[in-house]
Structures are given as structure tokens and as C-alpha cells.
Amino acid sequence: MCATCGCSSSREVVTLEERVLAKNDSLAAANRRRLASSGIVAVNLMGAPGAGKTTLLERTIGERGAIAVIEGDQATPLDADRIRRAGGAVVQVNTGAGCHLDATMVARALDELDPPAGSLLFIENVGNLVCPALFDLGEAARVVIASVTEGDDKPLKYPHMFAAADLVVISKIDLAPYVAFDPAACRRHIAAVNAAAAVIDLSATTGAGFAAWRDWLADIFAA
């Protein structure tokens, strides 16, 4: 304990965090084996609240056909209801005060959802640009959605999130002419923290960029 204020020392906090992450990683590995054994490809979809995660999934269901979705939010079944209306199989996970999904939550959701072998599974994480990047869920790939309405500096302000991405989707590009957003600067910032990440400009409203999105999904299925 800290002699000054009685709080836990930084060493104790770091040790606890390491134990939490190690336990989560072990459970995530079990999820990954379970999914791989059924040929299920899971995509961890992350981004800030309002970035367009659910809208992207609705459009993807409409263009690709049935997919399975684990919906993460602190409260309400609103996003799960949207996915269900769009034609997707879905399970809602409400985290309460929690700011992210973890491997245990995903394992329980998989038990309930029971996605068919060979399917595409999206895990829509809780809207947050910090905590979800720390927790492996057993996914095959990570996608970060960043909308033009958030500004072009988010990769620099939240580097750990963008460093964890296999793909960054710059969403709502139909709104770019109406907001202060520099597409070239955003791409430079993404490359500065993650030179390996693919980047797609996309509008779920107009459909622009969806061919590239479909191609990327096909590539991860083939991997």
C-alpha cells in the first residue's frame, strides 16, 4: 500500500492487470480453437460510440446474406434489435459498467448463439477507443471503424486501438465535405502507428467502398 494515501501501489496495479490479461488470453485461445474447429471466422469490430459499427453490419447483412453477431453494449438490446431486423442471428451482451467485452463474455455468447460451421461472426465491441484494444476475444481479425465526424487525429490520440487493427474503416465518407476532416492526414496518422493496417474509405449510406470491404472479408475467409 502507498504510505502517503493508502492506495494500491503502481506495482500492485500492474501485477493485477497482468494477471487479468493473462487469464483472458488463455480463455481467448480456447475461443479461437473452438471457432477454428468449426471453420468460423470471427471479426472483432471496434470503434467509438456512433462511429457506424452497427450500420456497417446492417449493410453487410443486406449485401452478403446471413451472418452471426455478438452485440456488446453497456445497456439495452437496441443494437441487437437492429441486427435481428436486418436478418442477422444475434446475441446481446450487456456489460453494465464494463467498457469492453472479454473472452469469458464471448464464450458464453457463443454457447447461446451457436453459429453454424463455416459462418462469419462479427463481435461488435462496446463503443470505446481504449479498453477493447487490450482484450483478445479469440477473433481472427480486428477492425477499427473511425468516422470522418470524429476528426482525422484519432489514430494519434488513441494509438493502441489503431495499432491493434488489421483493418481501419474510415466511415461516413459521404459526410467528409461537410466536416473538418483531412483524409490524407488520417491515413498518415494510421500509418504512423500501424504501417501494416489496411485502410478502406466507406459509406454505409451510399455504398461507396463496399466492394473493397467485401473483398477484405473474402480474403480473411481464404486465409
# chains A, B, ... in the order shown; residues from 1 in each chain; ligands from 1
>>> closest_atom_pairs(of="segment 12-95 of chain A", to="segment 168-173 of chain A", cutoff="10 Å", atoms="only C-alpha atoms", output="Markdown table")
| residue | atom | partner | partner_atom | distance |
| --- | --- | --- | --- | --- |
| A:Leu45 | CA | A:Val168 | CA | 10.0 |
| A:Met46 | CA | A:Val168 | CA | 9.6 |
| A:Gly47 | CA | A:Val168 | CA | 9.7 |
| A:Ala51 | CA | A:Ser171 | CA | 7.1 |
| A:Gly52 | CA | A:Ser171 | CA | 6.8 |
| A:Lys53 | CA | A:Ser171 | CA | 9.0 |
| A:Leu56 | CA | A:Ser171 | CA | 8.7 |
>>> select_by_dssp(residues="segment 1-114 of chain A", states="alpha helix (DSSP H)", output="PyMOL selection string")
chain A and resi 10-37+53-64+78-86+103-113
>>> residues_around(residues="Leu120 of chain A", least_positions_apart="4", cutoff="12 Å", atoms="only C-alpha atoms", output="VMD selection string")
chain A and resid 35 to 36 38 to 44 57 60 to 61 64 to 70 88 to 89 115 to 116 139 to 141 217 to 218 220 to 221
>>> residues_around(residues="Leu156 of chain A", least_positions_apart="6", cutoff="12 Å", atoms="only C-alpha atoms", output="PyMOL selection string")
chain A and resi 129+162-163+185-194
>>> select_by_dssp(residues="segment 12-199 of chain A", states="strand (DSSP E)", output="ChimeraX atom specification")
/A:41-47,68-73,89-94,120-124,141-147,167-171,198-199
>>> closest_residue(among="A:Glu124, A:Asp153, A:Asp174, A:Asp25", to="Asp79 of chain A", atoms="only C-alpha atoms")
A:Glu124
>>> closest_residue(among="A:Asp219, A:Glu112, A:Asp102, A:Glu18", to="Phe135 of chain A", atoms="only C-alpha atoms")
A:Asp102
>>> closest_atom_pairs(of="segment 128-211 of chain A", to="segment 107-111 of chain A", cutoff="12 Å", atoms="only C-alpha atoms", output="CSV")
residue,atom,partner,partner_atom,distance
A:Asp136,CA,A:Ala107,CA,12.0
A:Leu137,CA,A:Ala107,CA,8.6
A:Gly138,CA,A:Ala107,CA,9.1
A:Glu139,CA,A:Ala107,CA,11.5
>>> closest_residue(among="A:Met105, A:Leu78, A:Gly209, A:Leu167", to="Asn24 of chain A", atoms="only C-alpha atoms")
A:Met105
>>> atom_distance(atom1="atom CA of Glu58 of chain A", atom2="atom CA of Ala86 of chain A")
5.7 Å
>>> closest_residue(among="A:Thr149, A:Asn128, A:Thr76, A:Ser10", to="His100 of chain A", atoms="only C-alpha atoms")
A:Asn128
>>> decode(residues="segment 49-177 of chain A", atoms="C-alpha atoms", output="mmCIF file, in the first residue's frame")
data_model
loop_
_atom_site.group_PDB
_atom_site.id
_atom_site.type_symbol
_atom_site.label_atom_id
_atom_site.label_comp_id
_atom_site.auth_asym_id
_atom_site.auth_seq_id
_atom_site.Cartn_x
_atom_site.Cartn_y
_atom_site.Cartn_z
ATOM 1 C CA PRO A 49 -19.818 5.296 -29.969
ATOM 2 C CA GLY A 50 -21.543 6.471 -33.132
ATOM 3 C CA ALA A 51 -18.694 5.544 -35.478
ATOM 4 C CA GLY A 52 -21.057 3.407 -37.557
ATOM 5 C CA LYS A 53 -20.363 -0.136 -36.373
ATOM 6 C CA THR A 54 -23.972 -1.335 -36.289
ATOM 7 C CA THR A 55 -24.862 0.449 -39.520
ATOM 8 C CA LEU A 56 -21.940 -1.273 -41.247
ATOM 9 C CA LEU A 57 -23.217 -4.636 -40.022
ATOM 10 C CA GLU A 58 -26.761 -3.905 -41.212
ATOM 11 C CA ARG A 59 -25.461 -3.058 -44.671
ATOM 12 C CA THR A 60 -23.170 -6.101 -44.690
ATOM 13 C CA ILE A 61 -26.079 -8.415 -43.857
ATOM 14 C CA GLY A 62 -28.106 -6.806 -46.633
ATOM 15 C CA GLU A 63 -25.366 -7.324 -49.217
ATOM 16 C CA ARG A 64 -23.759 -10.571 -48.065
ATOM 17 C CA GLY A 65 -26.580 -12.537 -46.500
ATOM 18 C CA ALA A 66 -26.959 -14.069 -43.057
ATOM 19 C CA ILE A 67 -24.194 -13.513 -40.549
ATOM 20 C CA ALA A 68 -23.923 -14.106 -36.808
ATOM 21 C CA VAL A 69 -23.336 -11.197 -34.446
ATOM 22 C CA ILE A 70 -22.412 -10.812 -30.790
ATOM 23 C CA GLU A 71 -23.511 -7.319 -29.780
ATOM 24 C CA GLY A 72 -21.702 -5.603 -26.901
ATOM 25 C CA ASP A 73 -23.169 -2.566 -25.128
ATOM 26 C CA GLN A 74 -23.365 -1.354 -21.566
ATOM 27 C CA ALA A 75 -27.163 -1.422 -21.646
ATOM 28 C CA THR A 76 -30.266 -2.025 -23.810
ATOM 29 C CA PRO A 77 -30.905 -4.505 -26.655
ATOM 30 C CA LEU A 78 -31.267 -1.700 -29.224
ATOM 31 C CA ASP A 79 -28.385 -2.716 -31.488
ATOM 32 C CA ALA A 80 -29.302 -6.399 -31.307
ATOM 33 C CA ASP A 81 -32.830 -5.465 -32.366
ATOM 34 C CA ARG A 82 -31.405 -3.655 -35.408
ATOM 35 C CA ILE A 83 -29.300 -6.664 -36.383
ATOM 36 C CA ARG A 84 -32.252 -9.004 -35.965
ATOM 37 C CA ARG A 85 -34.450 -6.804 -38.170
ATOM 38 C CA ALA A 86 -31.711 -6.797 -40.808
ATOM 39 C CA GLY A 87 -31.745 -10.601 -40.851
ATOM 40 C CA GLY A 88 -28.733 -11.499 -38.725
ATOM 41 C CA ALA A 89 -28.569 -14.055 -35.932
ATOM 42 C CA VAL A 90 -27.612 -12.133 -32.809
ATOM 43 C CA VAL A 91 -26.963 -12.321 -29.085
ATOM 44 C CA GLN A 92 -26.817 -9.171 -26.952
ATOM 45 C CA VAL A 93 -24.195 -8.887 -24.209
ATOM 46 C CA ASN A 94 -24.736 -6.023 -21.771
ATOM 47 C CA THR A 95 -21.666 -5.210 -19.707
ATOM 48 C CA GLY A 96 -23.248 -2.842 -17.182
ATOM 49 C CA ALA A 97 -20.445 -0.534 -16.075
ATOM 50 C CA GLY A 98 -17.920 -2.508 -18.135
ATOM 51 C CA CYS A 99 -16.252 -0.681 -21.025
ATOM 52 C CA HIS A 100 -15.349 -3.700 -23.184
ATOM 53 C CA LEU A 101 -16.117 -7.314 -23.945
ATOM 54 C CA ASP A 102 -13.792 -10.030 -22.680
ATOM 55 C CA ALA A 103 -13.137 -13.634 -23.664
ATOM 56 C CA THR A 104 -15.446 -15.050 -20.985
ATOM 57 C CA MET A 105 -18.389 -12.968 -22.214
ATOM 58 C CA VAL A 106 -17.727 -14.093 -25.774
ATOM 59 C CA ALA A 107 -17.547 -17.765 -24.750
ATOM 60 C CA ARG A 108 -20.937 -17.506 -23.048
ATOM 61 C CA ALA A 109 -22.409 -15.692 -26.035
ATOM 62 C CA LEU A 110 -21.105 -18.420 -28.348
ATOM 63 C CA ASP A 111 -22.890 -21.025 -26.240
ATOM 64 C CA GLU A 112 -26.154 -19.160 -26.732
ATOM 65 C CA LEU A 113 -25.667 -18.086 -30.356
ATOM 66 C CA ASP A 114 -24.207 -21.396 -31.583
ATOM 67 C CA PRO A 115 -23.227 -20.051 -35.023
ATOM 68 C CA PRO A 116 -23.217 -22.656 -37.811
ATOM 69 C CA ALA A 117 -19.962 -24.127 -39.049
ATOM 70 C CA GLY A 118 -18.245 -22.099 -41.749
ATOM 71 C CA SER A 119 -20.048 -18.883 -40.836
ATOM 72 C CA LEU A 120 -18.901 -15.292 -40.477
ATOM 73 C CA LEU A 121 -19.157 -13.983 -36.907
ATOM 74 C CA PHE A 122 -18.914 -10.325 -36.014
ATOM 75 C CA ILE A 123 -18.244 -9.305 -32.422
ATOM 76 C CA GLU A 124 -19.358 -5.691 -32.098
ATOM 77 C CA ASN A 125 -17.443 -4.450 -29.105
ATOM 78 C CA VAL A 126 -18.578 -1.775 -26.660
ATOM 79 C CA GLY A 127 -18.129 1.715 -28.112
ATOM 80 C CA ASN A 128 -14.758 2.766 -26.716
ATOM 81 C CA LEU A 129 -11.371 3.679 -28.200
ATOM 82 C CA VAL A 130 -9.297 2.467 -25.230
ATOM 83 C CA CYS A 131 -10.136 -0.740 -23.348
ATOM 84 C CA PRO A 132 -11.298 -3.067 -26.153
ATOM 85 C CA ALA A 133 -7.824 -2.968 -27.716
ATOM 86 C CA LEU A 134 -6.368 -4.697 -24.643
ATOM 87 C CA PHE A 135 -8.598 -7.778 -24.633
ATOM 88 C CA ASP A 136 -8.177 -10.669 -27.051
ATOM 89 C CA LEU A 137 -11.550 -12.339 -27.652
ATOM 90 C CA GLY A 138 -10.392 -15.214 -29.844
ATOM 91 C CA GLU A 139 -11.062 -13.328 -33.079
ATOM 92 C CA ALA A 140 -9.369 -13.949 -36.416
ATOM 93 C CA ALA A 141 -9.119 -10.243 -37.241
ATOM 94 C CA ARG A 142 -9.657 -6.816 -35.733
ATOM 95 C CA VAL A 143 -11.397 -3.953 -37.494
ATOM 96 C CA VAL A 144 -11.428 -0.392 -36.167
ATOM 97 C CA ILE A 145 -14.072 1.976 -37.517
ATOM 98 C CA ALA A 146 -13.282 5.692 -37.404
ATOM 99 C CA SER A 147 -15.845 8.094 -38.820
ATOM 100 C CA VAL A 148 -14.981 11.355 -40.545
ATOM 101 C CA THR A 149 -17.133 13.135 -37.970
ATOM 102 C CA GLU A 150 -14.611 12.203 -35.265
ATOM 103 C CA GLY A 151 -11.779 14.117 -36.922
ATOM 104 C CA ASP A 152 -8.550 12.914 -38.531
ATOM 105 C CA ASP A 153 -6.408 12.905 -35.356
ATOM 106 C CA LYS A 154 -7.894 9.875 -33.577
ATOM 107 C CA PRO A 155 -5.110 7.436 -34.581
ATOM 108 C CA LEU A 156 -2.586 9.669 -32.822
ATOM 109 C CA LYS A 157 -4.768 10.271 -29.753
ATOM 110 C CA TYR A 158 -5.686 6.584 -29.331
ATOM 111 C CA PRO A 159 -2.634 4.788 -30.778
ATOM 112 C CA HIS A 160 -3.118 1.455 -29.001
ATOM 113 C CA MET A 161 -6.511 0.953 -30.615
ATOM 114 C CA PHE A 162 -5.255 1.654 -34.124
ATOM 115 C CA ALA A 163 -2.048 -0.313 -33.558
ATOM 116 C CA ALA A 164 -4.196 -3.376 -32.842
ATOM 117 C CA ALA A 165 -6.146 -3.133 -36.112
ATOM 118 C CA ASP A 166 -5.818 -5.399 -39.121
ATOM 119 C CA LEU A 167 -8.138 -3.039 -40.977
ATOM 120 C CA VAL A 168 -9.215 0.553 -40.385
ATOM 121 C CA VAL A 169 -12.518 1.562 -41.963
ATOM 122 C CA ILE A 170 -12.878 5.318 -42.404
ATOM 123 C CA SER A 171 -16.657 5.553 -42.283
ATOM 124 C CA LYS A 172 -19.293 8.136 -43.234
ATOM 125 C CA ILE A 173 -17.144 9.403 -46.111
ATOM 126 C CA ASP A 174 -20.270 10.885 -47.684
ATOM 127 C CA LEU A 175 -20.103 13.487 -44.877
ATOM 128 C CA ALA A 176 -16.440 14.404 -45.464
ATOM 129 C CA PRO A 177 -17.237 17.570 -47.478
#
